[in-house]
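> Input entry_17.csv, format and content: CSV, C-alpha atoms.
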chain,number,residue,atom,x,y,z
E,20,MET,CA,-17.9,-17.6,28.0
E,21,LEU,CA,-16.7,-17.8,24.4
E,22,ARG,CA,-13.1,-18.6,25.4
E,23,ASP,CA,-11.5,-21.2,23.1
E,24,GLN,CA,-14.9,-22.9,22.3
E,25,THR,CA,-14.6,-22.1,18.6
E,26,ALA,CA,-11.7,-22.0,16.0
E,27,ILE,CA,-11.0,-20.6,12.6
E,28,VAL,CA,-10.3,-23.5,10.4
E,29,GLY,CA,-10.2,-22.0,6.9
E,30,ILE,CA,-9.1,-18.7,5.3
E,31,GLY,CA,-9.4,-17.5,1.7
E,32,GLN,CA,-8.8,-14.3,-0.2
E,33,THR,CA,-8.8,-13.0,-3.8
E,34,ALA,CA,-6.0,-11.0,-5.4
E,35,PHE,CA,-5.9,-7.3,-4.4
E,36,GLY,CA,-5.9,-4.5,-6.9
E,37,LYS,CA,-7.6,-1.4,-8.3
E,38,GLY,CA,-10.4,-1.7,-10.7
E,39,LEU,CA,-10.7,-5.5,-10.6
E,40,PRO,CA,-13.3,-6.6,-13.1
E,41,ASP,CA,-15.3,-8.8,-10.7
E,42,SER,CA,-18.3,-7.5,-8.8
E,43,GLU,CA,-18.3,-7.2,-5.1
E,44,LEU,CA,-20.6,-10.3,-4.9
E,45,SER,CA,-18.3,-12.3,-7.2
E,46,LEU,CA,-15.3,-11.3,-5.1
E,47,ALA,CA,-17.1,-12.4,-1.9
E,48,CYS,CA,-18.1,-15.7,-3.4
E,49,GLN,CA,-14.5,-16.4,-4.5
E,50,ALA,CA,-13.0,-15.7,-1.1
E,51,ILE,CA,-15.7,-17.7,0.7
E,52,SER,CA,-15.2,-20.7,-1.6
E,53,ALA,CA,-11.5,-20.5,-1.1
E,54,ALA,CA,-11.9,-20.4,2.7
E,55,ILE,CA,-14.2,-23.4,2.6
E,56,ASP,CA,-11.8,-25.3,0.4
E,57,ASP,CA,-8.9,-24.4,2.8
E,58,ALA,CA,-11.0,-25.9,5.7
E,59,GLY,CA,-11.5,-29.1,3.8
E,60,LEU,CA,-15.3,-28.8,4.0
E,61,GLU,CA,-18.1,-28.8,1.5
E,62,PRO,CA,-20.1,-25.6,0.9
E,63,ALA,CA,-23.3,-27.4,2.1
E,64,ALA,CA,-21.7,-27.7,5.6
E,65,VAL,CA,-21.9,-23.9,6.1
E,66,ASP,CA,-25.0,-22.8,7.9
E,67,GLY,CA,-24.0,-19.5,9.4
E,68,LEU,CA,-23.0,-16.1,7.9
E,69,ALA,CA,-21.6,-12.8,9.3
E,70,MET,CA,-20.9,-9.9,7.1
E,71,PHE,CA,-20.4,-6.1,7.0
E,72,SER,CA,-23.5,-4.0,6.5
E,73,MET,CA,-21.6,-1.9,4.0
E,74,GLU,CA,-21.6,-4.5,1.2
E,75,ASP,CA,-23.8,-5.1,-1.9
E,76,GLY,CA,-23.7,-8.9,-1.9
E,77,ARG,CA,-26.5,-10.0,0.3
E,78,GLU,CA,-26.6,-13.3,2.3
E,79,VAL,CA,-29.2,-14.8,-0.1
E,80,GLU,CA,-27.0,-14.3,-3.1
E,81,VAL,CA,-23.9,-15.5,-1.4
E,82,ALA,CA,-25.6,-18.7,-0.1
E,83,ARG,CA,-27.1,-19.5,-3.5
E,84,ASN,CA,-24.0,-18.8,-5.5
E,85,VAL,CA,-21.5,-20.6,-3.2
E,86,GLY,CA,-23.9,-23.6,-2.7
E,87,LEU,CA,-24.4,-23.3,1.0
E,88,GLY,CA,-26.8,-25.5,3.0
E,89,ASP,CA,-29.7,-24.3,5.1
E,90,VAL,CA,-28.5,-21.1,6.8
E,91,THR,CA,-29.7,-20.9,10.4
E,92,PHE,CA,-27.8,-17.8,11.5
E,93,PHE,CA,-26.9,-14.6,9.7
E,94,SER,CA,-25.9,-11.1,11.0
E,95,GLN,CA,-24.4,-7.8,9.7
E,96,ILE,CA,-22.1,-5.5,11.6
E,97,GLY,CA,-21.9,-1.7,10.8
E,98,TYR,CA,-19.4,1.0,11.0
E,99,GLY,CA,-17.0,0.0,8.3
E,100,GLY,CA,-13.5,-0.5,9.6
E,101,GLY,CA,-14.9,-1.2,13.1
E,102,ALA,CA,-16.7,-4.3,11.9
E,103,GLY,CA,-14.0,-6.8,10.9
E,104,CYS,CA,-13.4,-8.5,14.3
E,105,GLY,CA,-17.1,-8.1,15.0
E,106,THR,CA,-18.1,-10.4,12.1
E,107,VAL,CA,-15.7,-13.1,13.3
E,108,GLY,CA,-16.9,-12.7,16.9
E,109,HIS,CA,-20.6,-12.9,16.0
E,110,ALA,CA,-19.9,-16.0,13.9
E,111,ALA,CA,-18.0,-17.6,16.8
E,112,MET,CA,-20.8,-16.8,19.3
E,113,ALA,CA,-23.4,-18.3,16.9
E,114,VAL,CA,-21.4,-21.5,16.7
E,115,ALA,CA,-20.7,-21.6,20.5
E,116,THR,CA,-24.4,-21.2,21.3
E,117,GLY,CA,-25.6,-23.8,18.8
E,118,GLN,CA,-27.3,-21.4,16.3
E,119,CYS,CA,-25.2,-22.9,13.6
E,120,GLU,CA,-22.4,-25.4,13.2
E,121,VAL,CA,-20.1,-23.9,10.6
E,122,ALA,CA,-20.0,-20.1,10.0
E,123,VAL,CA,-18.3,-17.9,7.5
E,124,ALA,CA,-17.3,-14.3,8.1
E,125,TRP,CA,-16.1,-12.1,5.2
E,126,ARG,CA,-15.5,-8.7,3.6
E,127,ALA,CA,-15.6,-7.9,-0.1
E,128,ARG,CA,-14.9,-4.4,-1.3
E,129,LYS,CA,-14.9,-2.4,-4.5
E,130,ARG,CA,-13.3,1.0,-4.0
E,131,ALA,CA,-11.5,1.8,-7.3
E,132,ALA,CA,-14.2,4.1,-8.5
E,133,LYS,CA,-14.0,7.6,-6.9
E,134,ALA,CA,-17.8,7.8,-6.8
E,135,SER,CA,-17.9,4.9,-4.4
E,136,ARG,CA,-16.1,6.8,-1.7
E,137,PRO,CA,-18.2,8.4,1.1
E,138,TRP,CA,-17.0,11.9,0.5
E,139,ALA,CA,-18.0,11.7,-3.1
E,140,GLN,CA,-21.6,11.0,-2.3
E,141,VAL,CA,-22.9,14.6,-2.2
E,142,SER,CA,-26.5,13.8,-1.3
E,143,SER,CA,-25.4,12.3,2.1
E,144,ARG,CA,-22.6,14.6,3.0
E,145,ILE,CA,-24.6,16.5,5.6
E,146,SER,CA,-26.8,13.8,7.0
E,147,GLY,CA,-26.3,12.1,10.3
E,148,HIS,CA,-23.1,12.7,12.2
E,149,TRP,CA,-21.5,14.2,9.0
E,150,GLN,CA,-23.5,17.4,9.6
E,151,TRP,CA,-20.9,18.3,12.3
E,152,SER,CA,-17.9,18.1,10.0
E,153,ARG,CA,-18.6,18.1,6.3
E,154,PRO,CA,-20.1,21.7,6.1
E,155,PHE,CA,-16.9,23.0,7.7
E,156,GLY,CA,-14.5,21.5,5.2
E,157,VAL,CA,-13.7,18.3,7.1
E,158,LEU,CA,-14.7,16.2,4.1
E,159,ARG,CA,-12.8,13.0,4.3
E,160,PRO,CA,-11.9,10.5,7.0
E,161,VAL,CA,-8.2,11.6,6.7
E,162,ASP,CA,-9.3,15.2,7.6
E,163,GLU,CA,-11.0,14.0,10.7
E,164,ILE,CA,-8.0,11.9,11.8
E,165,ALA,CA,-5.6,14.8,11.0
E,166,MET,CA,-7.5,16.9,13.6
E,167,LEU,CA,-7.1,14.2,16.2
E,168,THR,CA,-3.4,13.8,15.2
E,169,ARG,CA,-2.8,17.5,15.8
E,170,ARG,CA,-4.4,17.2,19.2
E,171,TYR,CA,-2.2,14.2,20.0
E,172,MET,CA,1.0,15.9,18.9
E,173,HIS,CA,0.1,19.0,21.0
E,174,GLU,CA,-0.7,17.0,24.1
E,175,PHE,CA,1.9,14.3,24.0
E,176,GLY,CA,4.7,15.5,21.8
E,177,ALA,CA,4.3,13.0,19.0
E,178,THR,CA,6.2,13.9,15.8
E,179,ARG,CA,6.2,12.9,12.1
E,180,GLU,CA,9.2,10.8,12.9
E,181,HIS,CA,7.0,8.6,15.0
E,182,LEU,CA,4.4,8.3,12.2
E,183,ALA,CA,7.2,7.4,9.9
E,184,ASN,CA,8.1,4.5,12.2
E,185,VAL,CA,4.7,3.1,11.6
E,186,ALA,CA,4.7,3.5,7.9
E,187,LEU,CA,8.2,2.1,7.4
E,188,ALA,CA,7.6,-0.9,9.6
E,189,PHE,CA,4.5,-1.9,7.7
E,190,ARG,CA,6.1,-1.4,4.3
E,191,LYS,CA,9.0,-3.6,5.3
E,192,HIS,CA,6.6,-6.3,6.2
E,193,ALA,CA,4.8,-5.9,2.9
E,194,ASN,CA,8.1,-6.2,1.0
E,195,ARG,CA,8.3,-9.8,2.3
E,196,ASN,CA,4.7,-10.6,1.4
E,197,PRO,CA,4.2,-11.6,-2.2
E,198,ALA,CA,0.4,-11.0,-2.0
E,199,ALA,CA,0.9,-7.4,-0.8
E,200,THR,CA,0.2,-4.4,-3.0
E,201,MET,CA,3.5,-2.9,-2.0
E,202,HIS,CA,5.5,-6.1,-2.1
E,203,ASP,CA,8.0,-4.7,-4.6
E,204,LYS,CA,8.0,-1.0,-3.5
E,205,PRO,CA,10.4,-0.2,-0.7
E,206,LEU,CA,10.0,3.0,1.3
E,207,SER,CA,12.7,5.1,2.9
E,208,ARG,CA,12.4,7.6,5.7
E,209,GLU,CA,13.5,10.3,3.3
E,210,GLN,CA,10.7,9.4,0.9
E,211,TYR,CA,8.2,9.5,3.7
E,212,LEU,CA,9.3,12.9,5.0
E,213,ASP,CA,9.3,14.4,1.4
E,214,ALA,CA,5.9,13.0,0.5
E,215,ARG,CA,3.0,15.3,-0.4
E,216,TRP,CA,0.4,16.3,2.2
E,217,ILE,CA,-3.0,14.6,2.1
E,218,SER,CA,-4.3,16.4,5.2
E,219,GLU,CA,-1.6,18.1,7.2
E,220,PRO,CA,0.1,16.7,9.3
E,221,LEU,CA,-0.7,13.4,7.4
E,222,CYS,CA,1.2,12.8,4.2
E,223,LEU,CA,0.6,10.3,1.4
E,224,PHE,CA,2.3,7.4,3.3
E,225,ASP,CA,0.2,8.0,6.5
E,226,ASN,CA,-2.9,6.7,4.6
E,227,CYS,CA,-4.2,3.3,3.8
E,228,LEU,CA,-4.5,2.0,0.3
E,229,GLU,CA,-7.7,1.9,-1.8
E,230,THR,CA,-8.2,-1.7,-2.7
E,231,ASP,CA,-10.6,-4.0,-4.5
E,232,GLY,CA,-10.6,-7.6,-3.1
E,233,ALA,CA,-12.2,-10.0,-0.6
E,234,LEU,CA,-11.3,-12.2,2.3
E,235,ALA,CA,-13.1,-14.8,4.4
E,236,VAL,CA,-12.7,-17.1,7.3
E,237,VAL,CA,-14.5,-20.3,8.4
E,238,ILE,CA,-15.4,-20.9,12.0
E,239,THR,CA,-16.6,-24.1,13.7
E,240,SER,CA,-16.5,-25.7,17.1
E,241,ALA,CA,-13.2,-26.5,18.8
E,242,ALA,CA,-14.2,-30.2,18.9
E,243,ARG,CA,-14.9,-30.3,15.2
E,244,ALA,CA,-11.9,-28.3,14.3
E,245,ALA,CA,-9.6,-30.9,15.8
E,246,ASP,CA,-10.5,-33.3,12.9
E,247,LEU,CA,-10.1,-30.9,10.0
E,248,ARG,CA,-7.3,-30.2,7.6
E,249,ASN,CA,-5.6,-27.2,9.3
E,250,PRO,CA,-4.4,-26.7,12.8
E,251,PRO,CA,-7.2,-24.9,14.6
E,252,VAL,CA,-6.8,-21.2,15.5
E,253,TYR,CA,-8.9,-20.6,18.6
E,254,VAL,CA,-11.0,-17.6,19.2
E,255,HIS,CA,-9.8,-17.0,22.7
E,256,ALA,CA,-11.6,-13.7,23.4
E,257,PHE,CA,-13.8,-11.2,21.6
E,258,ALA,CA,-15.2,-7.7,22.4
E,259,GLN,CA,-17.0,-4.8,20.8
E,260,SER,CA,-17.5,-1.2,22.1
E,261,ILE,CA,-19.3,2.1,21.6
E,262,PRO,CA,-17.9,4.2,24.4
E,263,GLN,CA,-20.0,6.7,26.3
E,264,GLN,CA,-20.7,10.0,24.5
E,265,HIS,CA,-18.8,8.7,21.4
E,266,GLN,CA,-18.9,10.7,18.2
E,267,VAL,CA,-17.8,8.8,15.1
E,268,MET,CA,-14.3,9.7,13.9
E,269,THR,CA,-14.2,13.2,15.4
E,270,ASN,CA,-15.2,12.5,19.0
E,271,TYR,CA,-16.2,16.1,19.4
E,272,PHE,CA,-18.5,15.6,22.3
E,273,CYS,CA,-16.2,13.5,24.5
E,274,ASP,CA,-14.3,15.2,27.4
E,275,ASP,CA,-11.1,13.6,26.0
E,276,PRO,CA,-11.2,13.2,22.2
E,277,LEU,CA,-8.1,11.0,22.3
E,278,LEU,CA,-9.8,8.5,24.5
E,279,GLY,CA,-11.1,6.4,21.7
E,280,PRO,CA,-13.2,3.2,21.4
E,281,SER,CA,-10.1,1.0,21.9
E,282,HIS,CA,-10.1,1.7,25.6
E,283,ALA,CA,-13.6,0.4,26.3
E,284,CYS,CA,-13.1,-2.5,23.9
E,285,ALA,CA,-9.8,-3.5,25.5
E,286,ALA,CA,-11.4,-3.5,29.0
E,287,ARG,CA,-13.9,-6.1,27.9
E,288,LEU,CA,-11.5,-8.1,25.8
E,289,TRP,CA,-8.9,-8.6,28.5
E,290,ALA,CA,-11.6,-9.3,31.1
E,291,GLN,CA,-12.6,-12.3,28.9
E,292,ALA,CA,-9.1,-13.5,28.4
E,293,GLU,CA,-6.5,-15.6,30.3
E,294,VAL,CA,-3.7,-13.5,28.9
E,295,THR,CA,-2.6,-9.9,29.3
E,296,PRO,CA,-0.9,-7.4,26.9
E,297,ARG,CA,2.4,-8.7,28.2
E,298,ASP,CA,1.7,-12.1,26.8
E,299,VAL,CA,1.0,-10.9,23.3
E,300,PRO,CA,4.1,-11.2,21.0
E,301,VAL,CA,2.5,-10.1,17.7
E,302,ALA,CA,-0.4,-7.8,16.8
E,303,GLN,CA,-2.5,-6.9,13.8
E,304,ILE,CA,-3.8,-3.3,14.6
E,305,TYR,CA,-6.2,-1.5,12.4
E,306,ASP,CA,-4.2,1.1,10.4
E,307,ALA,CA,-6.4,3.1,8.1
E,308,PHE,CA,-4.1,5.9,9.1
E,309,SER,CA,-0.7,5.8,10.9
E,310,PRO,CA,-1.7,7.7,14.0
E,311,LEU,CA,-4.3,5.1,14.9
E,312,ILE,CA,-1.4,2.8,15.8
E,313,PRO,CA,0.0,4.8,18.8
E,314,LEU,CA,-3.6,5.5,19.9
E,315,SER,CA,-4.4,1.8,19.8
E,316,LEU,CA,-1.2,0.7,21.5
E,317,GLU,CA,-2.3,2.9,24.4
E,318,GLY,CA,-5.9,1.8,24.3
E,319,TYR,CA,-5.1,-1.9,24.3
E,320,GLY,CA,-2.7,-1.5,27.2
E,321,PHE,CA,0.8,-2.0,25.6
E,322,CYS,CA,1.8,1.3,27.0
E,323,ALA,CA,0.5,4.2,29.1
E,324,ARG,CA,-1.5,7.2,27.8
E,325,GLY,CA,0.7,9.5,25.8
E,326,GLU,CA,3.4,6.9,25.3
E,327,GLY,CA,2.2,5.3,22.1
E,328,ALA,CA,4.3,7.4,19.8
E,329,ALA,CA,7.5,6.7,21.7
E,330,PHE,CA,6.6,3.0,21.8
E,331,THR,CA,7.2,2.9,18.0
E,332,ASP,CA,10.9,3.9,18.3
E,333,ASP,CA,13.8,1.6,17.8
E,334,GLY,CA,12.0,-0.7,15.4
E,335,ALA,CA,9.5,-1.8,18.0
E,336,LEU,CA,6.9,-2.7,15.4
E,337,GLU,CA,9.3,-4.4,13.0
E,338,TRP,CA,10.1,-8.1,12.4
E,339,PRO,CA,12.0,-10.0,13.6
E,340,ASP,CA,13.5,-8.1,16.5
E,341,GLY,CA,10.8,-5.6,17.5
E,342,ARG,CA,9.2,-5.9,20.9
E,343,LEU,CA,5.7,-6.1,19.2
E,344,PRO,CA,5.9,-6.9,15.4
E,345,THR,CA,2.7,-5.3,14.1
E,346,ASN,CA,0.7,-5.8,10.9
E,347,THR,CA,3.2,-8.4,9.7
E,348,SER,CA,1.5,-8.7,6.2
E,349,GLY,CA,1.8,-5.0,5.6
E,350,GLY,CA,-1.6,-4.0,7.0
E,351,GLY,CA,-4.0,-1.6,5.4
E,352,MET,CA,-1.2,0.8,4.6
E,353,SER,CA,1.0,-1.5,2.6
E,354,GLU,CA,-0.8,-4.9,2.0
E,355,ALA,CA,-4.3,-3.9,1.1
E,356,TYR,CA,-7.2,-2.0,2.6
E,357,VAL,CA,-10.3,-4.2,2.8
E,358,HIS,CA,-11.7,-2.6,5.9
E,359,GLY,CA,-9.1,-4.3,8.1
E,360,PHE,CA,-10.3,-7.9,7.3
E,361,ASN,CA,-6.8,-8.8,6.0
E,362,LEU,CA,-5.6,-8.3,9.6
E,363,VAL,CA,-7.8,-11.2,10.7
E,364,LEU,CA,-6.2,-13.5,8.1
E,365,GLU,CA,-2.7,-12.5,9.0
E,366,GLY,CA,-3.5,-13.2,12.6
E,367,VAL,CA,-4.5,-16.7,11.6
E,368,ARG,CA,-1.4,-17.1,9.5
E,369,GLN,CA,0.8,-16.1,12.5
E,370,MET,CA,-1.0,-18.7,14.7
E,371,ARG,CA,-0.5,-21.4,11.9
E,372,GLY,CA,3.1,-20.5,11.5
E,373,THR,CA,2.8,-19.5,7.8
E,374,SER,CA,3.3,-15.7,7.8
E,375,SER,CA,5.8,-14.2,5.5
E,376,SER,CA,7.1,-12.4,8.6
E,377,GLN,CA,6.5,-15.2,11.1
E,378,VAL,CA,7.1,-14.4,14.8
E,379,ASP,CA,8.9,-17.4,16.3
E,380,GLY,CA,6.9,-19.2,19.0
E,381,ALA,CA,4.0,-16.8,18.9
E,382,GLU,CA,1.0,-18.4,20.7
E,383,VAL,CA,-1.3,-15.4,20.9
E,384,CYS,CA,-2.2,-12.6,18.4
E,385,LEU,CA,-4.2,-9.5,19.0
E,386,VAL,CA,-6.4,-8.4,16.1
E,387,THR,CA,-8.2,-5.0,16.2
E,388,SER,CA,-10.7,-3.2,14.1
E,389,GLY,CA,-11.1,0.6,13.6
E,390,GLU,CA,-10.1,3.1,16.2
E,391,GLY,CA,-12.3,6.2,15.9
E,392,VAL,CA,-15.5,4.3,15.2
E,393,PRO,CA,-17.6,1.7,17.1
E,394,THR,CA,-15.1,-1.1,17.1
E,395,SER,CA,-14.2,-4.7,17.9
E,396,ALA,CA,-11.2,-6.9,18.7
E,397,LEU,CA,-10.1,-10.5,18.9
E,398,LEU,CA,-7.5,-12.5,20.7
E,399,LEU,CA,-6.5,-15.5,18.6
E,400,ARG,CA,-4.4,-18.4,19.9
E,401,ARG,CA,-2.9,-21.6,18.6
For the structure just supplied, provide its representation as structure tokens.

Amino acid sequence: MLRDQTAIVGIGQTAFGKGLPDSELSLACQAISAAIDDAGLEPAAVDGLAMFSMEDGREVEVARNVGLGDVTFFSQIGYGGGAGCGTVGHAAMAVATGQCEVAVAWRARKRAAKASRPWAQVSSRISGHWQWSRPFGVLRPVDEIAMLTRRYMHEFGATREHLANVALAFRKHANRNPAATMHDKPLSREQYLDARWISEPLCLFDNCLETDGALAVVITSAARAADLRNPPVYVHAFAQSIPQQHQVMTNYFCDDPLLGPSHACAARLWAQAEVTPRDVPVAQIYDAFSPLIPLSLEGYGFCARGEGAAFTDDGALEWPDGRLPTNTSGGGMSEAYVHGFNLVLEGVRQMRGTSSSQVDGAEVCLVTSGEGVPTSALLLRR
């Protein structure tokens, strides 16, 4: 079992922005180099790589440009936002099974150009699973999530006030984080409710940012981690899931479209862990769109089906007094959207005690990847 056999010992990231001049490969190399430096290691010590399949910088170019040693393990994880925790989990498994000794997992992203976005790529609009949505006007991910949100509101009585709870909590966290895109941009409930529609019932502030940037983590064995510069952050548990009869984003062919991948992923994750949801004081939950938060709260067992929206009331997601401070760096909606990989780094900071919204005494942090797509999740502990 993977439990606590490996640890994250280094983290690194670039600045976030729109239209950064660097290439995706350059951003990746910068973040990886920073993570290796943070770990107090030399680049030649790295012999394992795990990356997103949706990235231009290949392993060969990364290894050569960063100056890595002989690479004896490399893997790629698909499905965009569902891959973040998966890359870390694969790297941890490779270290734990002896395929490599020091592994790097990362995500670099260039999304400033409108032509880079999936819905702008006309030639592929009706291929694969998109044939069931794009021809009928469901062009963007936000349109797909808007349909699920309507269903959730109809079945369980969720309201825009609940979605506002999510957006406002994450903006408050970002306002304390100097590295966040929205660090100096407060958001009021009135501004949220008056915002323009993007895909009704989702408004501007229900959506993640579009961000250029890169982030990376370094993973090694627990034994080696004990002698390195930073306190080790152990990979306590890891899981992935593609639930039965899953349809990416829309879930058309499932008996219950709101029963997303988080439920299957959570079952495996908690089965591998020594802790339960009750033991988790802080979480980093994938937030490409605000309604994914209540759906994930239900999926990962923090509340019952249909109770995720109400769970957000009374500042539950806020720091310092919420019952589950969530996305404490601002998340994808207010820090940066790099396919959720910034959530991994914030989980590490919480376990190191260095977050800008640090939860006192937190010993375990849940980190999740995309809800609505084949997904993955981690439990980190100090």
> Please provide the set of residues having any atom within 8 Å of Val90 (chain E), restricted to all atoms listed in the file, with same-chain residues fewer than 6 positions apart removed, written as an MDAnalysis selection string.
chainID E and resid 65:68 82 119
> Show me, as a tab-separated table, the residues of region 304-389 of chain E having an atom within 12 Å of region 237-244 of chain E, each with the closest atom pair and its distance in Å, using all atoms listed in the file.

residue	atom	partner	partner_atom	distance
E:Val363	CA	E:Val237	CA	11.5
E:Leu364	CA	E:Val237	CA	10.7
E:Val367	CA	E:Val237	CA	11.1
> Neighbouring residues of Asp340 (chain E) were defined as those with any atom within 12 Å, considering only C-alpha atoms; residues of the same chain fewer than 5 positions away were excluded. Please report them as a list in words.
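Surrounding residues, per the criterion: Ala188, Pro300, Val301, Asp333, Gly334, Ala335, Thr345, Ser376, Gln377, Val378 and Asp379 of chain E.
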> May I have the selected residues written with C-alpha atoms, as a compact mmCIF listing (two decimals), keeping the file's coordinate frame?

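The file below, out_35.txt, is the result:
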# COMPACT_ATOMS: atom_id res chain seq x y z
CA ALA E 188 7.60 -0.90 9.60
CA PRO E 300 4.10 -11.20 21.00
CA VAL E 301 2.50 -10.10 17.70
CA ASP E 333 13.80 1.60 17.80
CA GLY E 334 12.00 -0.70 15.40
CA ALA E 335 9.50 -1.80 18.00
CA THR E 345 2.70 -5.30 14.10
CA SER E 376 7.10 -12.40 8.60
CA GLN E 377 6.50 -15.20 11.10
CA VAL E 378 7.10 -14.40 14.80
CA ASP E 379 8.90 -17.40 16.30
> Between CA of Ser348 (chain E) and CA of Glu365 (chain E), measure the distance and give it in Å to one decimal.
6.3 Å
> Looking at only C-alpha atoms, which of E:Val267, E:Asn84, E:Glu120, E:Leu311 is the one that sits closest to Trp151 (chain E)?
E:Val267
> Could you please determine the separation between CA of Ser94 (chain E) and CA of Ala124 (chain E) in Å, to one decimal place?
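Atom-to-atom, CA of Ser94 (chain E) and CA of Ala124 (chain E) are spaced 9.6 Å apart.
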> I'd like a table as CSV: residues in region 184-267 of chain E with an atom no more than 9 Å from region 154-175 of chain E, each row giving the shortest atom pair and its distance in Å to one decimal, all atoms listed in the file counted, sorted by chain and rising residue number.

residue,atom,partner,partner_atom,distance
E:Ile217,CA,E:Val161,CA,7.6
E:Ser218,CA,E:Asp162,CA,5.7
E:Glu219,CA,E:Ala165,CA,6.4
E:Pro220,CA,E:Ala165,CA,6.2
E:Leu221,CA,E:Ala165,CA,6.2
E:Asn226,CA,E:Val161,CA,7.5
> Near Val81 (chain E), within 9 Å and counting all atoms listed in the file, which residues show up once chain neighbours fewer than 4 positions away are dropped, as a list in words?
Leu44, Ser45, Ala47, Cys48, Ile51, Gly76, Arg77, Val85, Gly86 and Leu87 of chain E
> Tell me, as a list in words, which residues lie within 12 Å of Arg208 (chain E), counting only C-alpha atoms; anything in the same chain fewer than 6 positions away does not count.
Arg179, Glu180, His181, Leu182, Ala183, Asn184, Val185, Ala186, Leu187, Ala188, Arg190, Lys191, Ala214 and Phe224 of chain E
